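Shown here: input_32.cif, mmCIF, C-alpha atoms.
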data_structure
#
loop_
_atom_site.label_atom_id
_atom_site.label_comp_id
_atom_site.auth_asym_id
_atom_site.auth_seq_id
_atom_site.Cartn_x
_atom_site.Cartn_y
_atom_site.Cartn_z
CA MET A 1369 140.64 91.40 113.24
CA GLU A 1370 137.38 89.45 113.13
CA LEU A 1371 137.14 86.31 111.00
CA SER A 1372 134.55 88.00 108.76
CA GLU A 1373 137.05 90.79 108.07
CA LEU A 1374 139.80 88.24 107.46
CA TRP A 1375 137.68 86.42 104.90
CA PHE A 1376 136.75 89.63 103.14
CA LEU A 1377 140.48 90.27 102.84
CA LEU A 1378 141.15 86.73 101.60
CA ILE A 1379 138.40 86.99 98.97
CA GLY A 1380 139.93 90.27 97.83
CA VAL A 1381 143.32 88.54 97.54
CA LEU A 1382 141.75 85.73 95.48
CA TRP A 1383 140.20 88.23 93.07
CA VAL A 1384 143.48 90.15 92.84
CA GLY A 1385 145.31 86.89 92.11
CA PHE A 1386 142.79 85.99 89.45
CA ILE A 1387 143.07 89.36 87.72
CA PHE A 1388 146.88 89.33 87.84
CA LEU A 1389 147.31 85.76 86.55
CA GLU A 1390 144.33 85.41 84.27
CA GLY A 1391 144.83 88.98 83.08
CA PHE A 1392 147.82 88.07 80.92
CA ASP A 1393 145.99 84.91 79.80
CA PHE A 1394 143.17 87.08 78.52
CA GLY A 1395 145.67 89.44 76.90
CA VAL A 1396 147.40 86.59 75.08
CA GLY A 1397 144.03 85.22 73.96
CA MET A 1398 143.07 88.59 72.49
CA SER A 1399 146.46 88.89 70.81
CA THR A 1400 145.75 85.82 68.67
CA LYS A 1401 143.52 88.12 66.58
CA PHE A 1402 145.62 91.28 66.59
CA LEU A 1403 149.21 90.06 66.78
CA ALA A 1404 149.58 86.65 65.13
CA LYS A 1405 150.01 86.68 61.34
CA ASN A 1406 149.83 82.97 60.63
CA GLU A 1407 148.93 79.61 62.12
CA THR A 1408 152.40 79.00 63.54
CA GLU A 1409 152.37 82.28 65.44
CA LYS A 1410 148.92 81.54 66.82
CA ARG A 1411 150.20 78.22 68.10
CA VAL A 1412 153.20 79.90 69.70
CA LEU A 1413 150.98 82.46 71.45
CA ILE A 1414 148.58 79.84 72.77
CA ASN A 1415 151.44 77.64 73.88
CA THR A 1416 152.86 80.45 76.03
CA ILE A 1417 149.84 80.09 78.34
CA GLY A 1418 149.18 76.40 77.65
CA PRO A 1419 150.62 75.15 80.97
CA HIS A 1420 148.95 77.88 83.05
CA TRP A 1421 145.54 79.06 81.86
CA ASP A 1422 143.44 76.33 83.52
CA ALA A 1423 145.21 76.70 86.87
CA ASN A 1424 144.78 80.49 86.69
CA GLU A 1425 141.01 80.10 86.31
CA VAL A 1426 140.91 78.17 89.58
CA TRP A 1427 141.44 81.48 91.38
CA LEU A 1428 138.04 82.64 90.12
CA LEU A 1429 136.34 79.40 91.17
CA THR A 1430 137.97 79.62 94.58
CA ALA A 1431 136.90 83.25 94.99
CA GLY A 1432 133.31 82.33 94.13
CA GLY A 1433 133.36 79.34 96.47
CA ALA A 1434 134.82 81.43 99.29
CA MET A 1435 132.09 84.06 98.81
CA PHE A 1436 129.44 81.33 98.96
CA ALA A 1437 130.84 79.78 102.14
CA ALA A 1438 131.99 82.88 104.03
CA PHE A 1439 129.34 85.40 102.93
CA PRO A 1440 126.20 83.55 101.79
CA HIS A 1441 124.06 86.70 101.81
CA TRP A 1442 126.58 88.53 99.62
CA TYR A 1443 126.75 85.56 97.27
CA ALA A 1444 122.96 85.26 97.06
CA THR A 1445 122.34 88.95 96.41
CA LEU A 1446 125.21 89.41 93.95
CA PHE A 1447 124.83 86.23 91.92
CA SER A 1448 121.04 86.45 91.68
CA GLY A 1449 121.13 90.12 90.71
CA TYR A 1450 123.98 89.65 88.24
CA TYR A 1451 122.67 86.34 86.95
CA LEU A 1452 122.88 87.19 83.23
CA PRO A 1453 126.41 88.72 83.33
CA PHE A 1454 127.72 85.76 85.34
CA VAL A 1455 126.19 83.29 82.89
CA LEU A 1456 127.85 85.15 80.01
CA LEU A 1457 131.14 85.12 81.93
CA LEU A 1458 130.99 81.37 82.51
CA LEU A 1459 129.96 80.64 78.91
CA ALA A 1460 132.86 82.73 77.64
CA LEU A 1461 135.33 80.90 79.88
CA ILE A 1462 133.90 77.52 78.88
CA ALA A 1463 134.10 78.35 75.16
CA ARG A 1464 137.68 79.54 75.60
CA GLY A 1465 138.76 76.43 77.49
CA VAL A 1466 137.10 74.11 74.99
CA ALA A 1467 138.74 76.01 72.13
CA PHE A 1468 142.21 75.50 73.59
CA GLU A 1469 141.61 71.76 73.63
CA PHE A 1470 139.72 71.36 70.34
CA ARG A 1471 141.29 73.74 67.80
CA GLY A 1472 144.22 71.41 67.12
CA LYS A 1473 142.12 68.27 66.69
CA HIS A 1474 141.22 69.02 63.08
CA HIS A 1475 143.03 71.02 60.38
CA ALA A 1476 140.08 72.37 58.37
CA ALA A 1477 140.17 76.16 58.03
CA LYS A 1478 136.56 76.70 59.20
CA TRP A 1479 137.16 74.49 62.23
CA LYS A 1480 140.15 76.51 63.38
CA THR A 1481 138.48 79.83 62.57
CA THR A 1482 135.52 78.92 64.79
CA TRP A 1483 137.74 78.04 67.73
CA ASP A 1484 139.98 81.07 67.13
CA TRP A 1485 136.95 83.33 67.51
CA SER A 1486 136.02 81.40 70.67
CA ILE A 1487 139.47 82.07 72.11
CA PHE A 1488 139.29 85.75 71.19
CA LEU A 1489 135.77 86.40 72.53
CA GLY A 1490 136.39 84.13 75.51
CA SER A 1491 139.39 86.28 76.37
CA LEU A 1492 137.73 89.67 75.75
CA ILE A 1493 134.33 89.20 77.42
CA PRO A 1494 135.47 88.06 80.93
CA PRO A 1495 137.72 91.04 81.77
CA PHE A 1496 135.06 93.40 80.41
CA LEU A 1497 132.35 91.82 82.57
CA VAL A 1498 134.60 91.78 85.65
CA GLY A 1499 135.32 95.49 85.15
CA VAL A 1500 131.60 96.19 84.79
CA LEU A 1501 130.88 94.14 87.92
CA PHE A 1502 133.48 95.79 90.14
CA SER A 1503 132.53 99.26 88.93
CA GLY A 1504 128.87 98.56 89.63
CA LEU A 1505 129.65 97.34 93.14
CA ILE A 1506 131.35 100.56 94.21
CA LYS A 1507 128.81 102.75 92.39
CA GLY A 1508 125.97 101.05 94.19
CA LEU A 1509 122.94 99.04 93.14
CA PRO A 1510 119.23 99.11 94.05
CA ILE A 1511 118.98 96.73 97.02
CA ASP A 1512 115.94 96.53 99.29
CA GLU A 1513 115.68 95.81 103.00
CA ASN A 1514 115.46 92.07 102.30
CA MET A 1515 118.85 92.04 100.52
CA ASN A 1516 117.20 91.59 97.12
CA MET A 1517 118.71 93.40 94.14
CA HIS A 1518 116.37 95.05 91.63
CA ALA A 1519 118.92 96.18 89.06
CA THR A 1520 118.09 96.97 85.45
CA PHE A 1521 120.53 95.78 82.78
CA PHE A 1522 120.82 99.18 81.09
CA GLY A 1523 121.10 101.83 83.74
CA ASP A 1524 122.16 100.03 86.90
CA MET A 1525 124.49 97.37 85.48
CA VAL A 1526 125.53 98.97 82.21
CA ASN A 1527 126.14 102.72 82.28
CA LEU A 1528 128.93 105.16 81.42
CA PHE A 1529 130.95 104.42 84.56
CA THR A 1530 130.73 100.62 84.36
CA LEU A 1531 131.41 100.64 80.62
CA VAL A 1532 134.60 102.64 81.13
CA GLY A 1533 135.56 100.26 83.95
CA GLY A 1534 135.03 97.27 81.67
CA ILE A 1535 137.02 98.81 78.82
CA ALA A 1536 139.84 99.73 81.23
CA PHE A 1537 140.11 96.12 82.39
CA VAL A 1538 140.15 94.86 78.80
CA LEU A 1539 142.90 97.26 77.73
CA LEU A 1540 145.00 96.65 80.85
CA SER A 1541 144.66 92.88 80.39
CA TYR A 1542 145.70 93.16 76.76
CA LEU A 1543 148.71 95.29 77.68
CA HIS A 1544 149.58 92.81 80.44
CA GLY A 1545 149.33 89.98 77.92
CA LEU A 1546 151.62 91.77 75.45
CA MET A 1547 154.22 92.16 78.19
CA PHE A 1548 153.95 88.45 78.93
CA ILE A 1549 154.45 87.68 75.23
CA THR A 1550 157.64 89.74 75.12
CA MET A 1551 158.97 87.58 77.95
CA LYS A 1552 157.92 84.26 76.46
CA THR A 1553 158.63 84.54 72.72
CA ASN A 1554 161.46 85.39 70.37
CA GLY A 1555 162.00 87.06 67.00
CA GLN A 1556 159.36 89.04 65.12
CA LEU A 1557 156.52 88.02 67.40
CA ARG A 1558 158.33 89.41 70.40
CA ALA A 1559 159.21 92.64 68.55
CA ARG A 1560 155.64 93.16 67.29
CA ALA A 1561 154.25 92.62 70.78
CA ARG A 1562 156.50 95.40 72.06
CA GLU A 1563 155.54 97.71 69.17
CA GLN A 1564 151.86 97.07 69.69
CA ALA A 1565 152.18 97.76 73.42
CA LEU A 1566 153.65 101.18 72.64
CA LYS A 1567 150.82 101.89 70.18
CA ILE A 1568 148.01 101.19 72.65
CA TYR A 1569 149.87 102.71 75.60
CA TRP A 1570 148.35 106.19 75.27
CA VAL A 1571 144.81 104.96 74.61
CA THR A 1572 144.97 102.70 77.65
CA GLY A 1573 146.38 105.53 79.75
CA ALA A 1574 143.59 107.87 78.67
CA VAL A 1575 140.94 105.30 79.63
CA ILE A 1576 142.58 104.78 83.04
CA VAL A 1577 142.59 108.54 83.70
CA LEU A 1578 138.95 108.75 82.61
CA PHE A 1579 138.03 105.93 84.97
CA VAL A 1580 139.84 107.61 87.88
CA VAL A 1581 137.93 110.85 87.19
CA LEU A 1582 134.56 109.10 86.84
CA THR A 1583 135.16 107.23 90.09
CA GLY A 1584 135.05 110.57 91.89
CA ILE A 1585 131.87 111.57 90.04
CA PHE A 1586 129.81 108.39 90.25
CA THR A 1587 130.94 106.92 93.60
CA ASP A 1588 131.75 107.91 97.17
CA ALA A 1589 135.06 106.04 97.09
CA TYR A 1590 137.18 109.18 97.46
CA THR A 1591 134.93 110.52 100.22
CA ASN A 1592 134.88 107.33 102.29
CA ARG A 1593 138.28 105.80 101.52
CA GLY A 1594 140.14 108.59 99.74
CA ALA A 1595 143.04 108.53 102.19
CA ILE A 1596 143.90 105.06 100.89
CA ILE A 1597 142.51 104.94 97.35
CA ILE A 1598 143.87 108.28 96.10
CA PRO A 1599 147.49 107.36 96.98
CA MET A 1600 146.93 103.92 95.40
CA TYR A 1601 145.73 105.49 92.16
CA ALA A 1602 148.61 107.97 92.28
CA VAL A 1603 151.07 105.08 92.55
CA ALA A 1604 149.28 103.28 89.70
CA VAL A 1605 149.62 106.38 87.50
CA LEU A 1606 153.32 106.71 88.35
CA LEU A 1607 153.89 103.04 87.55
CA TYR A 1608 152.07 103.52 84.26
CA LEU A 1609 154.25 106.49 83.35
CA ALA A 1610 157.36 104.42 84.14
CA LEU A 1611 156.03 101.58 81.98
CA TYR A 1612 156.63 103.43 78.70
CA LYS A 1613 160.38 103.71 79.28
CA MET A 1614 160.58 100.09 80.44
CA VAL A 1615 158.94 98.93 77.22
CA LYS A 1616 161.11 101.18 75.06
CA ASP A 1617 164.26 99.95 76.81
CA GLN A 1618 163.13 96.32 76.41
CA LYS A 1619 163.06 95.73 80.16
CA GLU A 1620 160.56 92.95 79.70
CA GLY A 1621 160.50 91.54 83.22
CA PHE A 1622 160.04 95.01 84.72
CA SER A 1623 157.35 95.86 82.15
CA PHE A 1624 155.35 92.73 83.00
CA THR A 1625 155.74 93.45 86.70
CA LEU A 1626 154.50 97.02 86.27
CA THR A 1627 151.36 96.08 84.33
CA GLY A 1628 150.68 93.38 86.92
CA LEU A 1629 151.08 95.81 89.81
CA ILE A 1630 148.74 98.31 88.14
CA LEU A 1631 146.08 95.61 87.82
CA VAL A 1632 146.65 94.62 91.45
CA LEU A 1633 146.27 98.21 92.69
CA VAL A 1634 143.13 98.87 90.65
CA THR A 1635 141.48 95.59 91.71
CA ALA A 1636 142.40 96.05 95.37
CA SER A 1637 140.94 99.57 95.32
CA PHE A 1638 137.46 98.17 94.65
CA PHE A 1639 137.52 96.10 97.83
CA ILE A 1640 138.92 99.01 99.84
CA ALA A 1641 136.13 101.22 98.49
CA LEU A 1642 133.53 98.62 99.51
CA PHE A 1643 134.73 97.98 103.07
CA PRO A 1644 132.99 97.48 105.49
CA ASN A 1645 130.21 96.76 103.00
CA VAL A 1646 129.98 93.96 100.49
CA MET A 1647 127.07 95.59 98.65
CA ILE A 1648 126.17 99.28 98.51
CA SER A 1649 122.51 100.18 98.12
CA THR A 1650 121.38 103.18 96.11
CA THR A 1651 117.85 103.04 97.53
CA ASP A 1652 118.75 103.58 101.17
CA VAL A 1653 122.03 103.59 103.11
CA ALA A 1654 120.31 101.41 105.70
CA ASN A 1655 120.04 98.68 103.04
CA ASN A 1656 123.82 98.43 102.59
CA ILE A 1657 124.95 94.87 103.24
CA THR A 1658 127.96 94.83 105.55
CA ILE A 1659 130.51 92.03 105.90
CA TYR A 1660 129.15 91.38 109.39
CA GLU A 1661 125.55 90.97 108.21
CA ALA A 1662 126.54 88.84 105.20
CA ALA A 1663 128.95 86.52 107.01
CA SER A 1664 128.45 82.88 107.93
CA GLY A 1665 128.45 81.69 111.53
CA ALA A 1666 131.58 81.87 113.66
CA TYR A 1667 132.10 78.09 113.62
CA SER A 1668 131.94 77.91 109.80
CA LEU A 1669 134.44 80.73 109.45
CA LYS A 1670 136.75 79.09 111.99
CA VAL A 1671 136.77 75.76 110.13
CA MET A 1672 137.29 77.54 106.80
CA THR A 1673 140.21 79.48 108.25
CA ILE A 1674 141.95 76.30 109.42
CA VAL A 1675 141.48 74.69 105.99
CA ALA A 1676 142.72 77.83 104.22
CA LEU A 1677 145.83 78.08 106.39
CA THR A 1678 146.59 74.46 105.53
CA MET A 1679 145.87 74.43 101.81
CA VAL A 1680 146.74 77.92 100.55
CA PRO A 1681 150.51 77.55 101.10
CA ILE A 1682 150.43 74.27 99.17
CA VAL A 1683 148.55 75.83 96.26
CA LEU A 1684 150.90 78.82 96.17
CA ALA A 1685 153.95 76.55 96.26
CA TYR A 1686 152.59 74.51 93.35
CA THR A 1687 151.79 77.65 91.35
CA ILE A 1688 155.29 79.05 91.83
CA TRP A 1689 156.82 75.68 90.95
CA SER A 1690 154.79 75.35 87.73
CA TYR A 1691 155.82 78.82 86.53
CA TYR A 1692 159.43 77.99 87.33
CA ILE A 1693 159.30 74.74 85.37
CA PHE A 1694 157.78 76.46 82.30
CA ARG A 1695 159.89 79.62 82.55
CA LYS A 1696 161.66 79.31 79.19
CA ARG A 1697 160.63 81.12 76.03
CA VAL A 1698 158.40 79.38 73.51
CA SER A 1699 159.93 79.10 70.05
CA HIS A 1700 158.45 78.40 66.61
CA LYS A 1701 159.79 74.87 66.99
CA GLU A 1702 157.34 74.25 69.79
CA HIS A 1703 155.54 71.07 68.79
CA LEU A 1704 152.63 71.08 71.22
CA GLU A 1705 149.48 71.31 69.12
CA TYR A 1706 146.61 73.61 70.17
#

Could you write out this structure as structure tokens?
Amino acid sequence: MELSELWFLLIGVLWVGFIFLEGFDFGVGMSTKFLAKNETEKRVLINTIGPHWDANEVWLLTAGGAMFAAFPHWYATLFSGYYLPFVLLLLALIARGVAFEFRGKHHAAKWKTTWDWSIFLGSLIPPFLVGVLFSGLIKGLPIDENMNMHATFFGDMVNLFTLVGGIAFVLLSYLHGLMFITMKTNGQLRARAREQALKIYWVTGAVIVLFVVLTGIFTDAYTNRGAIIIPMYAVAVLLYLALYKMVKDQKEGFSFTLTGLILVLVTASFFIALFPNVMISTTDVANNITIYEAASGAYSLKVMTIVALTMVPIVLAYTIWSYYIFRKRVSHKEHLEY
């Protein structure tokens, strides 16, 4: 395996980690509008992700940094072409993070309402934009021979396929968040999270099936990588079917694991569909940007690999340790103010 291929794999792992970990963060953030009935319940929901949300966002920053260092041409084409969506993504994440810190600093109703909306929108917009982005990447974008993207907002970036992809990510993240809430809370909040998961189960499933169908219509993923992607989607569907019984039987750990695995499979499928490209051109196949054309020099990749092999195990160990320390359920007696 070449270092450029290794780094494409590592960037895929970083994005998968971000979607898995930040996915339930986003779901919990959205649930503050649809699940919580009073201020105490909102505090309990926010406190379930209080120790984790900022560390989970680091996976996105690391993925972006790795793209910049390992594949500068990919980074330049993607981030310049998707400038507006990425700005909206960052603004949403900033507003969400600020809201977590500020909403408990003052007790006026308007103050908390403002920050509550920031948490909700800051949790809904990012997974939607990520779904739109990934869907657009495998569908293809107008890229010229100089690696410049000439994408229109409505048409190339936002269309039926990418909209369904964005909605699928939002619904899966919300379902993932509800499963996390059932593991981290008690009483009525826990019961309502389970009930709400069962209510949105069929809608989410329908959107997933629609996305799988549209993938075959709007992309060449099944033609180029069908031997891998089709079995992955089949497994995802089987896991989703098993999820309903797990939720009904109150198998909360299994339910959370299943929603997480579904997100992992769907996210990984985008990178499998792309390989060996990082960008697919709709203007001319010759304008596709491959991982070999987009990669940095061999020396840069070698140094990055040494650093990654040193630091990644430390980061993973810390992440596992932090989740172990904060593994207990959050009760209504929780005094941490958000």

Determine the residue membership of the PyMOL selection byres ((chain A and resi 1373-1385) around 10) for the file above and supply it as number ranges by chain.
-> A: 1369-1372, 1386-1391, 1424-1435, 1437-1439, 1498, 1628-1629, 1631-1640, 1643-1646, 1659-1660, 1663, 1669, 1672-1673, 1676

Once you have the residues from the selection above, write them out as a short mmCIF file (atom, residue, chain, number, x, y, z; two decimals), in the frame of the given file, restricted to C-alpha atoms.
data_model
loop_
_atom_site.label_atom_id
_atom_site.label_comp_id
_atom_site.auth_asym_id
_atom_site.auth_seq_id
_atom_site.Cartn_x
_atom_site.Cartn_y
_atom_site.Cartn_z
CA MET A 1369 140.64 91.40 113.24
CA GLU A 1370 137.38 89.45 113.13
CA LEU A 1371 137.14 86.31 111.00
CA SER A 1372 134.55 88.00 108.76
CA PHE A 1386 142.79 85.99 89.45
CA ILE A 1387 143.07 89.36 87.72
CA PHE A 1388 146.88 89.33 87.84
CA LEU A 1389 147.31 85.76 86.55
CA GLU A 1390 144.33 85.41 84.27
CA GLY A 1391 144.83 88.98 83.08
CA ASN A 1424 144.78 80.49 86.69
CA GLU A 1425 141.01 80.10 86.31
CA VAL A 1426 140.91 78.17 89.58
CA TRP A 1427 141.44 81.48 91.38
CA LEU A 1428 138.04 82.64 90.12
CA LEU A 1429 136.34 79.40 91.17
CA THR A 1430 137.97 79.62 94.58
CA ALA A 1431 136.90 83.25 94.99
CA GLY A 1432 133.31 82.33 94.13
CA GLY A 1433 133.36 79.34 96.47
CA ALA A 1434 134.82 81.43 99.29
CA MET A 1435 132.09 84.06 98.81
CA ALA A 1437 130.84 79.78 102.14
CA ALA A 1438 131.99 82.88 104.03
CA PHE A 1439 129.34 85.40 102.93
CA VAL A 1498 134.60 91.78 85.65
CA GLY A 1628 150.68 93.38 86.92
CA LEU A 1629 151.08 95.81 89.81
CA LEU A 1631 146.08 95.61 87.82
CA VAL A 1632 146.65 94.62 91.45
CA LEU A 1633 146.27 98.21 92.69
CA VAL A 1634 143.13 98.87 90.65
CA THR A 1635 141.48 95.59 91.71
CA ALA A 1636 142.40 96.05 95.37
CA SER A 1637 140.94 99.57 95.32
CA PHE A 1638 137.46 98.17 94.65
CA PHE A 1639 137.52 96.10 97.83
CA ILE A 1640 138.92 99.01 99.84
CA PHE A 1643 134.73 97.98 103.07
CA PRO A 1644 132.99 97.48 105.49
CA ASN A 1645 130.21 96.76 103.00
CA VAL A 1646 129.98 93.96 100.49
CA ILE A 1659 130.51 92.03 105.90
CA TYR A 1660 129.15 91.38 109.39
CA ALA A 1663 128.95 86.52 107.01
CA LEU A 1669 134.44 80.73 109.45
CA MET A 1672 137.29 77.54 106.80
CA THR A 1673 140.21 79.48 108.25
CA ALA A 1676 142.72 77.83 104.22
#

Which residues, written as a ChimeraX atom specification, have at least one atom at most 12 Å from range 1469-1485 of chain A, with only C-alpha atoms counted and residues fewer than 6 positions away on the same chain left out?
-> /A:1397-1402,1404,1406-1408,1410-1411,1413-1415,1418,1421-1422,1460,1462-1463,1491-1493,1703-1706

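Counting all atoms listed in the file, Val1698 in chain A has the following residues at most 9 Å away, ignoring those fewer than 5 positions along the same chain: Val1412, Leu1413, Asn1415, Thr1416, Lys1552, Thr1553 and Asn1554 of chain A.
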
In terms of all atoms listed in the file, the residue from A:Leu1497, A:Leu1540, A:Ile1487, A:Leu1452 at minimal distance from Thr1572 in chain A is A:Leu1540

Is it possible to get the axis-aligned box enclosing range 1568-1576 of chain A (all listed atoms, 6 Å extra per side) as AutoDock Vina command-line options, with centre and edge lengths in Å rounded to one decimal?
--center_x 145.4 --center_y 104.5 --center_z 77.8 --size_x 20.9 --size_y 18.7 --size_z 22.4

So what do you get for CA of Gln1556 in chain A versus CA of Val1396 in chain A, distance-wise?
->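 For CA of Gln1556 in chain A relative to CA of Val1396 in chain A, the distance reads 15.8 Å.
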
Of the listed residues A:Val1615, A:Leu1546, A:Leu1505, A:Ala1444, that which approaches Asp1588 in chain A most closely, counting all atoms listed in the file |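 With all atoms listed in the file as the atom set, the closest residue is A:Leu1505.
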
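Atom pair CA of Thr1627 in chain A / CA of Val1605 in chain A: separated by 10.9 Å.
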
Using all atoms listed in the file: which of A:Val1538, A:Leu1509, A:Leu1582, A:Leu1607 has the shortest distance to Asp1524 in chain A |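 Using all atoms listed in the file, the shortest distance to Asp1524 in chain A belongs to A:Leu1509.
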
Which residue gives the smallest distance to Met1614 in chain A among A:Ala1423, A:Leu1531, A:Ile1596, A:Ala1565, with all atoms listed in the file counted?
-> A:Ala1565

Separation of CA of Leu1446 in chain A from CA of Ile1511 in chain A in Å | 10.1 Å

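Taking all atoms listed in the file into account, Thr1550 in chain A lies nearest to A:Leu1403 out of the set A:Ile1693, A:Leu1403, A:Val1653, A:Ala1467.
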
List every residue of range 1521-1581 of chain A that has an atom at most 10 Å from any atom of range 1598-1602 of chain A, giving for each one its closest atom pair and the distance in Å to one decimal, counting all atoms listed in the file, sorted by chain and then by ascending residue number, as JSON lines.
{"residue": "A:Ile1576", "atom": "CA", "partner": "A:Tyr1601", "partner_atom": "CA", "distance": 9.7}
{"residue": "A:Val1577", "atom": "CA", "partner": "A:Tyr1601", "partner_atom": "CA", "distance": 9.5}
{"residue": "A:Val1580", "atom": "CA", "partner": "A:Tyr1601", "partner_atom": "CA", "distance": 7.6}

I would like the residues chosen by the PyMOL selection byres ((chain A and resi 1447) around 12) on the shown file; could you give them as a PyMOL selection string?
-> chain A and resi 1432-1433+1435-1436+1439-1446+1448-1455+1457+1501+1515-1517+1519+1647

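In terms of minimum interatomic distance to His1518 in chain A, A:Ser1649 ranks closest within A:Thr1678, A:Trp1689, A:Ser1649, A:Phe1548, counting all atoms listed in the file.
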
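Against the coordinates shown, the PyMOL selection byres ((chain A and resi 1608) around 8) returns A:Gly1573, A:Ala1604, A:Val1605, A:Leu1606, A:Leu1607, A:Leu1609, A:Ala1610, A:Leu1611, A:Tyr1612, A:Leu1626, A:Thr1627, A:Ile1630.
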
For range 1390-1403 of chain A, supply N, CA and C atoms and format the output as a PDB file, in the frame of the given file.
ATOM      1  N   GLU A1390     145.178  85.623  85.442  1.00  0.00           N
ATOM      2  CA  GLU A1390     144.330  85.410  84.270  1.00  0.00           C
ATOM      3  C   GLU A1390     144.336  86.630  83.361  1.00  0.00           C
ATOM      4  N   GLY A1391     144.764  87.775  83.891  1.00  0.00           N
ATOM      5  CA  GLY A1391     144.830  88.980  83.080  1.00  0.00           C
ATOM      6  C   GLY A1391     145.732  88.811  81.876  1.00  0.00           C
ATOM      7  N   PHE A1392     146.936  88.250  82.078  1.00  0.00           N
ATOM      8  CA  PHE A1392     147.820  88.070  80.920  1.00  0.00           C
ATOM      9  C   PHE A1392     147.333  86.929  80.040  1.00  0.00           C
ATOM     10  N   ASP A1393     146.632  85.946  80.623  1.00  0.00           N
ATOM     11  CA  ASP A1393     145.990  84.910  79.800  1.00  0.00           C
ATOM     12  C   ASP A1393     144.999  85.533  78.829  1.00  0.00           C
ATOM     13  N   PHE A1394     144.152  86.410  79.364  1.00  0.00           N
ATOM     14  CA  PHE A1394     143.170  87.080  78.520  1.00  0.00           C
ATOM     15  C   PHE A1394     143.865  87.930  77.456  1.00  0.00           C
ATOM     16  N   GLY A1395     144.935  88.618  77.856  1.00  0.00           N
ATOM     17  CA  GLY A1395     145.670  89.440  76.900  1.00  0.00           C
ATOM     18  C   GLY A1395     146.259  88.622  75.773  1.00  0.00           C
ATOM     19  N   VAL A1396     146.835  87.472  76.101  1.00  0.00           N
ATOM     20  CA  VAL A1396     147.400  86.590  75.080  1.00  0.00           C
ATOM     21  C   VAL A1396     146.291  86.066  74.179  1.00  0.00           C
ATOM     22  N   GLY A1397     145.148  85.704  74.763  1.00  0.00           N
ATOM     23  CA  GLY A1397     144.030  85.220  73.960  1.00  0.00           C
ATOM     24  C   GLY A1397     143.547  86.266  72.967  1.00  0.00           C
ATOM     25  N   MET A1398     143.463  87.518  73.401  1.00  0.00           N
ATOM     26  CA  MET A1398     143.070  88.590  72.490  1.00  0.00           C
ATOM     27  C   MET A1398     144.115  88.833  71.414  1.00  0.00           C
ATOM     28  N   SER A1399     145.377  88.624  71.770  1.00  0.00           N
ATOM     29  CA  SER A1399     146.460  88.890  70.810  1.00  0.00           C
ATOM     30  C   SER A1399     146.461  87.916  69.647  1.00  0.00           C
ATOM     31  N   THR A1400     145.794  86.774  69.794  1.00  0.00           N
ATOM     32  CA  THR A1400     145.750  85.820  68.670  1.00  0.00           C
ATOM     33  C   THR A1400     145.042  86.419  67.468  1.00  0.00           C
ATOM     34  N   LYS A1401     144.207  87.442  67.691  1.00  0.00           N
ATOM     35  CA  LYS A1401     143.520  88.120  66.580  1.00  0.00           C
ATOM     36  C   LYS A1401     144.314  89.321  66.067  1.00  0.00           C
ATOM     37  N   PHE A1402     144.999  90.018  66.960  1.00  0.00           N
ATOM     38  CA  PHE A1402     145.620  91.280  66.590  1.00  0.00           C
ATOM     39  C   PHE A1402     147.123  91.193  66.355  1.00  0.00           C
ATOM     40  N   LEU A1403     147.757  90.133  66.832  1.00  0.00           N
ATOM     41  CA  LEU A1403     149.210  90.060  66.780  1.00  0.00           C
ATOM     42  C   LEU A1403     149.721  88.955  65.850  1.00  0.00           C
TER      43      LEU A1403
END
